[in-house]
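J.: Structure in structure tokens, see below.
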Amino acid sequence: MNRKTPLLEVTNLIKHFDISGGFLDRITLEKMRLRLTKTVVHALNSVSFSIFEGETFSVVGESGCGKSTLGRAIVGLFPIDSGSISYRGERIDVKNAKGMLPYRSKMQMVFQDPYASLNPRMRVEQTLMEPVLFHNPLMSVGEAKDRVAAVMEQVGVDPGWSSRYPHEFSGGQRQRISIARALMVEPEFIVADEPISALDVSIQAQILNLFMDAQDERGLTYLFITHDLSVVKHISTRVAVMYLGTICELAQTSSLFSRPRHPYTQALLSAIPVLGTRKPLHIRLRGEVPTPIELPSGCIFHKRCAFATNRCMEEIPVLREYDSAVLVACHGVEEGRL
Amino acid sequence: MEHLLELQNIVVRFALRFGDLTAVDDVSFTLDRGERMGLVGESGAGKSVTGFSIIGLISRPGYIASGRILFEGKDLAHLDEEELRNIRGNRISMIFQDPMMTLNPVLTIGTQMIETLKAHRDISDNDAEAMAVDRLKMVHIPSPEKRLNQYPHEFSGGMRQRIVIAIALLTDPALIIADEPTTALDVTIQAEILDLLLELCESAKTGLILITHDLAVVSQVTEKITVLYAGKIVETGSTGTIIRDPMHPYTRGLINALPGSGHTGDRLNQIPGMMPNLLSIPPGCSFHPRCPFRMDICSKQNPVLTYHQGLERQVACFLMENRGRGCI
């Protein structure tokens with residue numbers, strides 16, 4: 001593996017959302033006394049990882065595990081509570097808006113819903129030109145238009161349609177335009193948050209190919225956030241599995257899929273529907289995903305884990321490296337039980 | 001033996017300002033008692049409209065232009081509203097994609113379940129409640145007696161979908177139509193819901209029409225597959241043989257486009273282009289502009305869905321005629 005400075009390094013990232021509401025919402029009666037309570041969603045609990053240049057790093061997990069929060073925190077759409085985010089060794093979480101400016105054109109984001117992420121009142125050309133002209137104030141409109149045409153060509157949308165509005169395009173084409181918008185400023189790093197979930201099967205393949213082609217041509221690095229494990233298996237270099245705001249396993253794609261170590265990863269992988277196999281034996285998890293408001297003690301997975309011991313209920317497991325660079329946060333794996 | 005359900009040349013149209021749009025074009029299939037069929041296609045293929053047409057949920061401007069829907073010997077397409085009500089929600093239940101949209105947010109689960117039962121049966125409140133508890137047990141909801149008094153928002157997504165299934169089961173239907181029942185759910189929950197549907201259909205010999213775009217899901221649960229494209233059936237037959245060896249170029253494209261069929265990191269086999277707008281369906285075979293094997297005839301003539309002996313399926317494709325000569 002590449003051991004030089006990672007492109008992006010995230011250490012002990014913590015993000016909590018206070019959802020207690022206004023003063024009156026917070027007042028509760030407890031033992032005949034009025035108390036002010038605070039309700040906090042623990043979206044990210046000490047997440048650490050590095051992404052190296054040219055790789056596709058995927059984050060998988062079920063809804064509510066904090067994967068989207070992670071993506072948004074990295075590009076600076078959410079301020080973080082603690083921890084650090086470094087881009088090429090430079091801390092970007094402490095920078096002010098002006099200091100962040102050069103990084104904004106290096107890091108771009110593609111969102112899930114192409115219907116909601118394009119401004120319906122702007123022509124495609126305006127949407128695509130806005131970020132280039134903002135980041136390169138000296139560029140002439142003519143040059144920007146040339147670049148719009150070049151990028152539209154690359155993502156497979158006819159440049160002749162640049163004066164159309166988003167509603168005139170289908171879902172797949174809109175997603176191509178969202179990708180074009182991200183590519184306009186010639187980024188190095190793209191955070192793609194469920195970019196194909198809203199699309200039809202045959203269109204999904206087209207968009208995934210587009211992502212892979214763009215990576216080959218431009219040497220892009222991706223942080224790919226998705227819940228679709230077969231997509232992850234196909235495109236990623238490394239995969240991080242998240243559960244309730246914590247990474248429970250991080251490994252090379254091939255080793256993760258051939259030998260999942262963490263009980264949650266095992267359950268998740270066994271639940272993927274596979275073409276042609278009737279009634280697979282998937283691992284059933286006990287109960288439901290706990291709320292991120294009151295996190296379970298110890299290992300956050302212990303209530304649903306079939307192998308939990310007393311230690312799992314009390315002590316929080318840390319990510320440890322095992323053979324072939326597999327990182328697992330599980331007491332069972334550490335003790336050699338699993 | 002009489003089929004449980006038989007669709008004969010169903011055509012569903014929507015009367016729009018600028019003319020009629022054909023959403024379902026000459027669709028025929030049969031379903032036997034206890035049989036499970038997958039209705040597969042992308043958005044706009046007409047799979048949901050086909051499902052809705054069976055239980056008379058096509059409302060204006062849509063209408064069933066022609067064809068017959070025979071269910072237990074009755075033609076549903078020509079029943080009056082009163083008679084249809086005895087079948088819809090009673091003999092045929094429907095499960096929709098989003099459980100939060102299906103359940104009434106201001107009524108408790110119990111009220112909604114008892115209401116459903118009382119609409120179809122002459123039953124006392126106590127008996128209805130006992131049945132509701134029984135069905136909740138069937139879908140593995142813990143402490144069902146307590147849960148009856150809770151509102152939909154107090155359940156998680158997977159639990160809500162199980163409650164929707166419990167409501168669908170209340171009247172012991174002979175057929176369940178499930179429209180994308182797991183699309184809004186996570187994989188681990190999806191696996192549970194599919195297991196549950198399979199288990200319930202098998203034990204009660206309930207027929208199932210599973211409407212979905214996910215071939216992997218269909219291949220696990222159903223015995224038969226019907227693939228729709230732009231309102232027409234392009235291929236239909238036994239699930240195993242179609243998944244193993246798809247014949248129609250569209251079915252083949254759908255299967256090959258799934259990640260995981262090739263090597264990691266390779267480009268996926270994409271189907272070029274997209275589903276045509278239903279207002280401008282290409283002449284001849286509607287798939288021909290996207291088909292890698294198109295011939296001259298494809299843009300001129302409509303391929304007929306024909307049964308192929310030995311392949312256990314019907315396919316609508318001109319390539320099948322040349323099959324013996326090794327063209328496909």
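Simple scheme: letters A, B, ... for chains in structure tokens order, numbers from 1 for residues in each chain, numbers from 1 for ligands in the order shown.
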Just list as an MDAnalysis selection string whatever in stretch 112-326 of chain B DSSP marks as alpha helix (DSSP H).
T.: chainID B and resid 112:120 125:138 144:147 157:169 187:204 215:221 239:244 249:256
J.: Residues of chain A that have any atom at most 9 Å from an atom of chain B: could you tabulate them with the shortest-distance atom pair and the distance in Å to one decimal, using only C-alpha atoms, ordered by chain and increasing number, as CSV?
T.:
```
residue,atom,partner,partner_atom,distance
A:Gly61,CA,B:Asp186,CA,8.8
A:Glu62,CA,B:Asp186,CA,5.8
A:Ser63,CA,B:Asp186,CA,6.8
A:Ser170,CA,B:Met274,CA,8.8
A:Gly172,CA,B:Met274,CA,8.5
A:Asp200,CA,B:Glu42,CA,5.9
A:Val201,CA,B:Leu254,CA,7.0
A:Ser202,CA,B:Ile271,CA,5.8
A:Ile203,CA,B:Met274,CA,7.3
A:Gln204,CA,B:Ala257,CA,8.2
A:Ala205,CA,B:Gln270,CA,5.3
A:Gln206,CA,B:Gln270,CA,5.4
A:Leu208,CA,B:Leu268,CA,7.6
A:Asn209,CA,B:Arg267,CA,5.5
A:Leu210,CA,B:Arg267,CA,9.0
A:Met212,CA,B:Arg267,CA,7.3
A:Asp213,CA,B:Arg267,CA,8.3
A:His227,CA,B:Asp186,CA,7.6
A:Asp228,CA,B:Val187,CA,8.1
A:Leu229,CA,B:Val187,CA,8.8
A:Ser230,CA,B:Pro259,CA,5.8
A:Val231,CA,B:Pro259,CA,5.7
A:Val232,CA,B:Pro259,CA,8.8
A:Lys233,CA,B:Thr264,CA,6.8
A:His234,CA,B:Thr264,CA,4.5
A:Ile235,CA,B:Gly265,CA,5.1
A:Ser236,CA,B:Gly265,CA,7.6
A:Thr237,CA,B:Gly265,CA,8.8
A:Ser254,CA,B:Thr264,CA,9.0
A:Ala267,CA,B:Thr188,CA,7.4
A:Leu268,CA,B:Thr188,CA,6.1
A:Leu269,CA,B:Thr188,CA,8.8
A:Ser270,CA,B:Thr188,CA,8.4
A:Ala271,CA,B:Thr188,CA,5.3
A:Ile272,CA,B:Val187,CA,6.3
A:Pro273,CA,B:Ala216,CA,5.4
A:Val274,CA,B:Ala216,CA,5.3
A:Leu275,CA,B:Ala216,CA,4.2
A:Gly276,CA,B:Ser219,CA,5.2
A:Thr277,CA,B:Gln220,CA,6.0
A:Arg278,CA,B:Gln220,CA,4.2
A:Lys279,CA,B:Gln220,CA,5.4
A:Pro280,CA,B:Gln220,CA,7.6
A:His282,CA,B:Ala191,CA,7.4
A:Ile283,CA,B:Thr188,CA,8.7
A:Arg284,CA,B:Glu192,CA,7.5
A:Leu285,CA,B:Thr188,CA,8.0
A:Glu288,CA,B:Ser156,CA,7.9
A:Val289,CA,B:Ser156,CA,8.9
```
J.: Go through stretch 197-293 of chain A and flag each residue having an atom no more than 12 Å from stretch 111-120 of chain A; for those, report the closest pair of atoms plus their distance in Å to one decimal, using only C-alpha atoms, ordered by chain and rising number, as a tab-separated table.
T.:
```
residue	atom	partner	partner_atom	distance
A:Ser197	CA	A:Gln112	CA	6.6
A:Ala198	CA	A:Asp113	CA	6.2
A:Leu199	CA	A:Asp113	CA	8.9
A:Phe224	CA	A:Phe111	CA	10.7
A:Ile225	CA	A:Gln112	CA	9.6
A:Thr226	CA	A:Gln112	CA	9.5
A:His227	CA	A:Gln112	CA	11.7
```
J.: Would you output that residue set with N, CA and C atoms, as a tab-separated table (two decimals), in the first residue's frame?
T.:
```
chain	number	residue	atom	x	y	z
A	197	SER	N	-28.10	5.71	-6.37
A	197	SER	CA	-29.25	5.07	-5.72
A	197	SER	C	-30.58	5.47	-6.31
A	198	ALA	N	-30.66	6.68	-6.88
A	198	ALA	CA	-31.95	7.14	-7.37
A	198	ALA	C	-32.17	6.75	-8.83
A	199	LEU	N	-31.27	5.95	-9.39
A	199	LEU	CA	-31.34	5.68	-10.84
A	199	LEU	C	-31.76	4.25	-11.14
A	224	PHE	N	-16.54	7.19	-1.88
A	224	PHE	CA	-17.81	6.73	-2.43
A	224	PHE	C	-18.68	6.26	-1.28
A	225	ILE	N	-19.81	6.95	-1.08
A	225	ILE	CA	-20.68	6.60	0.04
A	225	ILE	C	-21.89	5.87	-0.52
A	226	THR	N	-22.15	4.68	-0.05
A	226	THR	CA	-23.28	3.94	-0.60
A	226	THR	C	-23.75	2.86	0.35
A	227	HIS	N	-24.96	2.35	0.10
A	227	HIS	CA	-25.42	1.22	0.89
A	227	HIS	C	-25.42	-0.03	0.03
```
J.: Which neighbours of B:Ile109 fall inside 8 Å, counting only C-alpha atoms, when residues of the same chain fewer than 6 positions from it are skipped, and could you give them as a list in words?
T.: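 Listed by chain and then number, they are Arg147, Leu148, Asn149, Gln150, Tyr151, Pro152 and Ile163 of chain B.
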J.: Which residues are near B:Thr171? Cut-off 8 Å, only C-alpha atoms, ignore same chain within fewer than 6 positions. Put them as a PyMOL selection string.
T.: chain B and resi 89-91+117+120
J.: Selected residues, C-alpha atoms, written as a PDB file, in the first residue's frame, please.
T.:
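Saved as part.pdb:
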```pdb
ATOM      1  CA  GLY B  89     -58.068  -5.904   0.161  1.00  0.00           C
ATOM      2  CA  ASN B  90     -59.869  -9.150   0.891  1.00  0.00           C
ATOM      3  CA  ARG B  91     -58.975 -11.846  -1.635  1.00  0.00           C
ATOM      4  CA  LEU B 117     -61.033  -6.663   9.111  1.00  0.00           C
ATOM      5  CA  HIS B 120     -64.558  -7.150   4.951  1.00  0.00           C
TER       6      HIS B 120
END
```
J.: In Å, rounded to a single decimal, give me how far atom CA of A:Leu8 is from atom CA of A:Pro260.
T.: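 Distance reported for this atom pair: 25.1 Å.
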J.: Would you mind listing what lies within 9 Å of A:Lys106 as a PyMOL selection string, with only C-alpha atoms counted and same-chain residues fewer than 4 positions away left out?
T.: chain A and resi 102+185-190
J.: Could you write out that same residue set with C-alpha atoms as an mmCIF file, in the first residue's frame?
T.:
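Saved file result.cif follows:
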```
data_model
loop_
_atom_site.group_PDB
_atom_site.id
_atom_site.type_symbol
_atom_site.label_atom_id
_atom_site.label_comp_id
_atom_site.auth_asym_id
_atom_site.auth_seq_id
_atom_site.Cartn_x
_atom_site.Cartn_y
_atom_site.Cartn_z
ATOM 1 C CA PRO A 102 -8.390 26.891 -2.720
ATOM 2 C CA VAL A 185 -13.251 22.979 -11.546
ATOM 3 C CA GLU A 186 -10.788 20.130 -12.202
ATOM 4 C CA PRO A 187 -10.900 18.623 -8.739
ATOM 5 C CA GLU A 188 -8.553 15.979 -7.359
ATOM 6 C CA PHE A 189 -10.985 14.487 -4.916
ATOM 7 C CA ILE A 190 -14.715 13.805 -5.250
#
```
J.: When DSSP works through the backbone of this structure, what residues of stretch 43-251 of chain B end up as strand (DSSP E or B), shown as a ChimeraX atom specification?
T.: /B:62-71,74-75,88,92-95,175-179,207-212,224-229,232-238
J.: Would you save the residues from that selection as a compact mmCIF listing (two decimals), in the first residue's frame, using N, CA and C atoms?
T.:
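Writing the result to again.txt gives the following:
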```txt
# COMPACT_ATOMS: atom_id res chain seq x y z
N GLY B 62 -56.50 7.36 -16.35
CA GLY B 62 -56.16 6.03 -16.83
C GLY B 62 -57.39 5.15 -16.99
N TYR B 63 -57.34 4.20 -17.89
CA TYR B 63 -58.45 3.26 -18.03
C TYR B 63 -57.94 1.96 -18.68
N ILE B 64 -58.63 0.87 -18.38
CA ILE B 64 -58.29 -0.39 -19.02
C ILE B 64 -59.00 -0.41 -20.36
N ALA B 65 -58.23 -0.29 -21.43
CA ALA B 65 -58.83 -0.13 -22.75
C ALA B 65 -59.39 -1.43 -23.28
N SER B 66 -58.69 -2.53 -23.02
CA SER B 66 -59.22 -3.82 -23.46
C SER B 66 -58.54 -4.92 -22.67
N GLY B 67 -59.07 -6.12 -22.81
CA GLY B 67 -58.49 -7.27 -22.14
C GLY B 67 -59.33 -7.72 -20.97
N ARG B 68 -58.99 -8.90 -20.45
CA ARG B 68 -59.74 -9.46 -19.34
C ARG B 68 -58.79 -9.83 -18.21
N ILE B 69 -59.25 -9.65 -16.97
CA ILE B 69 -58.47 -10.04 -15.80
C ILE B 69 -59.31 -11.06 -15.05
N LEU B 70 -58.99 -12.33 -15.21
CA LEU B 70 -59.78 -13.37 -14.57
C LEU B 70 -59.14 -13.76 -13.25
N PHE B 71 -59.89 -13.55 -12.16
CA PHE B 71 -59.41 -13.94 -10.85
C PHE B 71 -60.45 -14.86 -10.24
N LYS B 74 -63.72 -14.77 -12.00
CA LYS B 74 -64.45 -13.52 -12.25
C LYS B 74 -63.57 -12.57 -13.06
N ASP B 75 -64.20 -11.79 -13.94
CA ASP B 75 -63.45 -10.82 -14.71
C ASP B 75 -63.40 -9.49 -13.96
N ARG B 88 -60.83 -6.69 -3.57
CA ARG B 88 -59.67 -5.85 -3.27
C ARG B 88 -59.50 -5.71 -1.75
N ILE B 92 -57.47 -10.24 -2.62
CA ILE B 92 -56.19 -9.76 -3.15
C ILE B 92 -55.71 -8.61 -2.27
N SER B 93 -54.54 -8.74 -1.70
CA SER B 93 -53.99 -7.65 -0.90
C SER B 93 -52.82 -7.02 -1.62
N MET B 94 -52.57 -5.78 -1.28
CA MET B 94 -51.46 -5.10 -1.93
C MET B 94 -50.51 -4.54 -0.88
N ILE B 95 -49.22 -4.64 -1.15
CA ILE B 95 -48.20 -4.06 -0.28
C ILE B 95 -47.45 -3.03 -1.12
N LEU B 175 -54.06 -13.91 -3.06
CA LEU B 175 -53.00 -13.29 -3.86
C LEU B 175 -52.51 -12.02 -3.18
N ILE B 176 -51.19 -11.87 -3.12
CA ILE B 176 -50.61 -10.63 -2.62
C ILE B 176 -49.83 -9.98 -3.76
N ILE B 177 -50.10 -8.69 -3.98
CA ILE B 177 -49.32 -7.96 -4.97
C ILE B 177 -48.40 -7.03 -4.18
N ALA B 178 -47.10 -7.24 -4.29
CA ALA B 178 -46.15 -6.44 -3.54
C ALA B 178 -45.39 -5.55 -4.51
N ASP B 179 -45.60 -4.24 -4.40
CA ASP B 179 -44.99 -3.29 -5.31
C ASP B 179 -43.73 -2.72 -4.67
N GLY B 207 -50.61 -16.78 -3.52
CA GLY B 207 -49.93 -16.34 -4.73
C GLY B 207 -49.25 -15.00 -4.48
N LEU B 208 -48.15 -14.74 -5.17
CA LEU B 208 -47.44 -13.48 -4.96
C LEU B 208 -47.02 -12.92 -6.30
N ILE B 209 -47.32 -11.62 -6.49
CA ILE B 209 -46.73 -10.91 -7.62
C ILE B 209 -45.79 -9.89 -7.03
N LEU B 210 -44.52 -10.07 -7.28
CA LEU B 210 -43.51 -9.18 -6.71
C LEU B 210 -43.07 -8.23 -7.81
N ILE B 211 -43.41 -6.95 -7.63
CA ILE B 211 -43.04 -5.94 -8.62
C ILE B 211 -41.74 -5.30 -8.17
N THR B 212 -40.71 -5.37 -8.98
CA THR B 212 -39.43 -4.80 -8.55
C THR B 212 -38.54 -4.53 -9.74
N LYS B 224 -41.36 -17.62 -11.22
CA LYS B 224 -41.53 -17.15 -12.59
C LYS B 224 -41.09 -15.70 -12.69
N ILE B 225 -40.65 -15.30 -13.86
CA ILE B 225 -40.30 -13.89 -14.08
C ILE B 225 -41.02 -13.40 -15.33
N THR B 226 -41.51 -12.17 -15.26
CA THR B 226 -42.03 -11.51 -16.46
C THR B 226 -41.28 -10.19 -16.59
N VAL B 227 -40.57 -10.02 -17.69
CA VAL B 227 -39.79 -8.81 -17.89
C VAL B 227 -40.57 -7.87 -18.80
N LEU B 228 -40.77 -6.64 -18.33
CA LEU B 228 -41.52 -5.66 -19.11
C LEU B 228 -40.58 -4.60 -19.65
N TYR B 229 -40.85 -4.15 -20.86
CA TYR B 229 -40.10 -3.02 -21.41
C TYR B 229 -41.09 -2.16 -22.18
N LYS B 232 -44.59 -3.56 -22.69
CA LYS B 232 -44.78 -4.88 -23.30
C LYS B 232 -43.95 -5.94 -22.59
N ILE B 233 -44.44 -7.19 -22.63
CA ILE B 233 -43.65 -8.28 -22.10
C ILE B 233 -42.59 -8.64 -23.14
N VAL B 234 -41.33 -8.66 -22.73
CA VAL B 234 -40.30 -9.05 -23.69
C VAL B 234 -39.85 -10.49 -23.45
N GLU B 235 -39.93 -10.92 -22.19
CA GLU B 235 -39.54 -12.30 -21.90
C GLU B 235 -40.26 -12.74 -20.64
N THR B 236 -40.75 -13.97 -20.64
CA THR B 236 -41.38 -14.50 -19.44
C THR B 236 -41.18 -16.00 -19.38
N GLY B 237 -40.97 -16.49 -18.18
CA GLY B 237 -40.74 -17.92 -18.03
C GLY B 237 -40.23 -18.24 -16.65
N SER B 238 -39.64 -19.42 -16.48
CA SER B 238 -39.21 -19.83 -15.15
C SER B 238 -37.98 -19.03 -14.72
```
J.: May I ask which of the residues B:Leu57, B:Ile141, B:Val133, B:Leu76 is the closest one to B:Leu170, counting only C-alpha atoms?
T.: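 Among the listed residues, B:Val133 lies closest to B:Leu170.
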J.: Go through B:Ile10, B:Cys291, B:Ile193, B:Cys201 one by one, measure the shortest atom-to-atom distance of each to B:Asp26 using only C-alpha atoms, and give the residue with the smallest value.
T.: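 Using only C-alpha atoms, the shortest distance to B:Asp26 belongs to B:Ile10.
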J.: Which residue gives the smallest distance to B:Arg290 among B:His308, B:Gly73, B:Val27, B:Pro249, with only C-alpha atoms counted?
T.: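 Under the stated criterion, the closest residue is B:Pro249.
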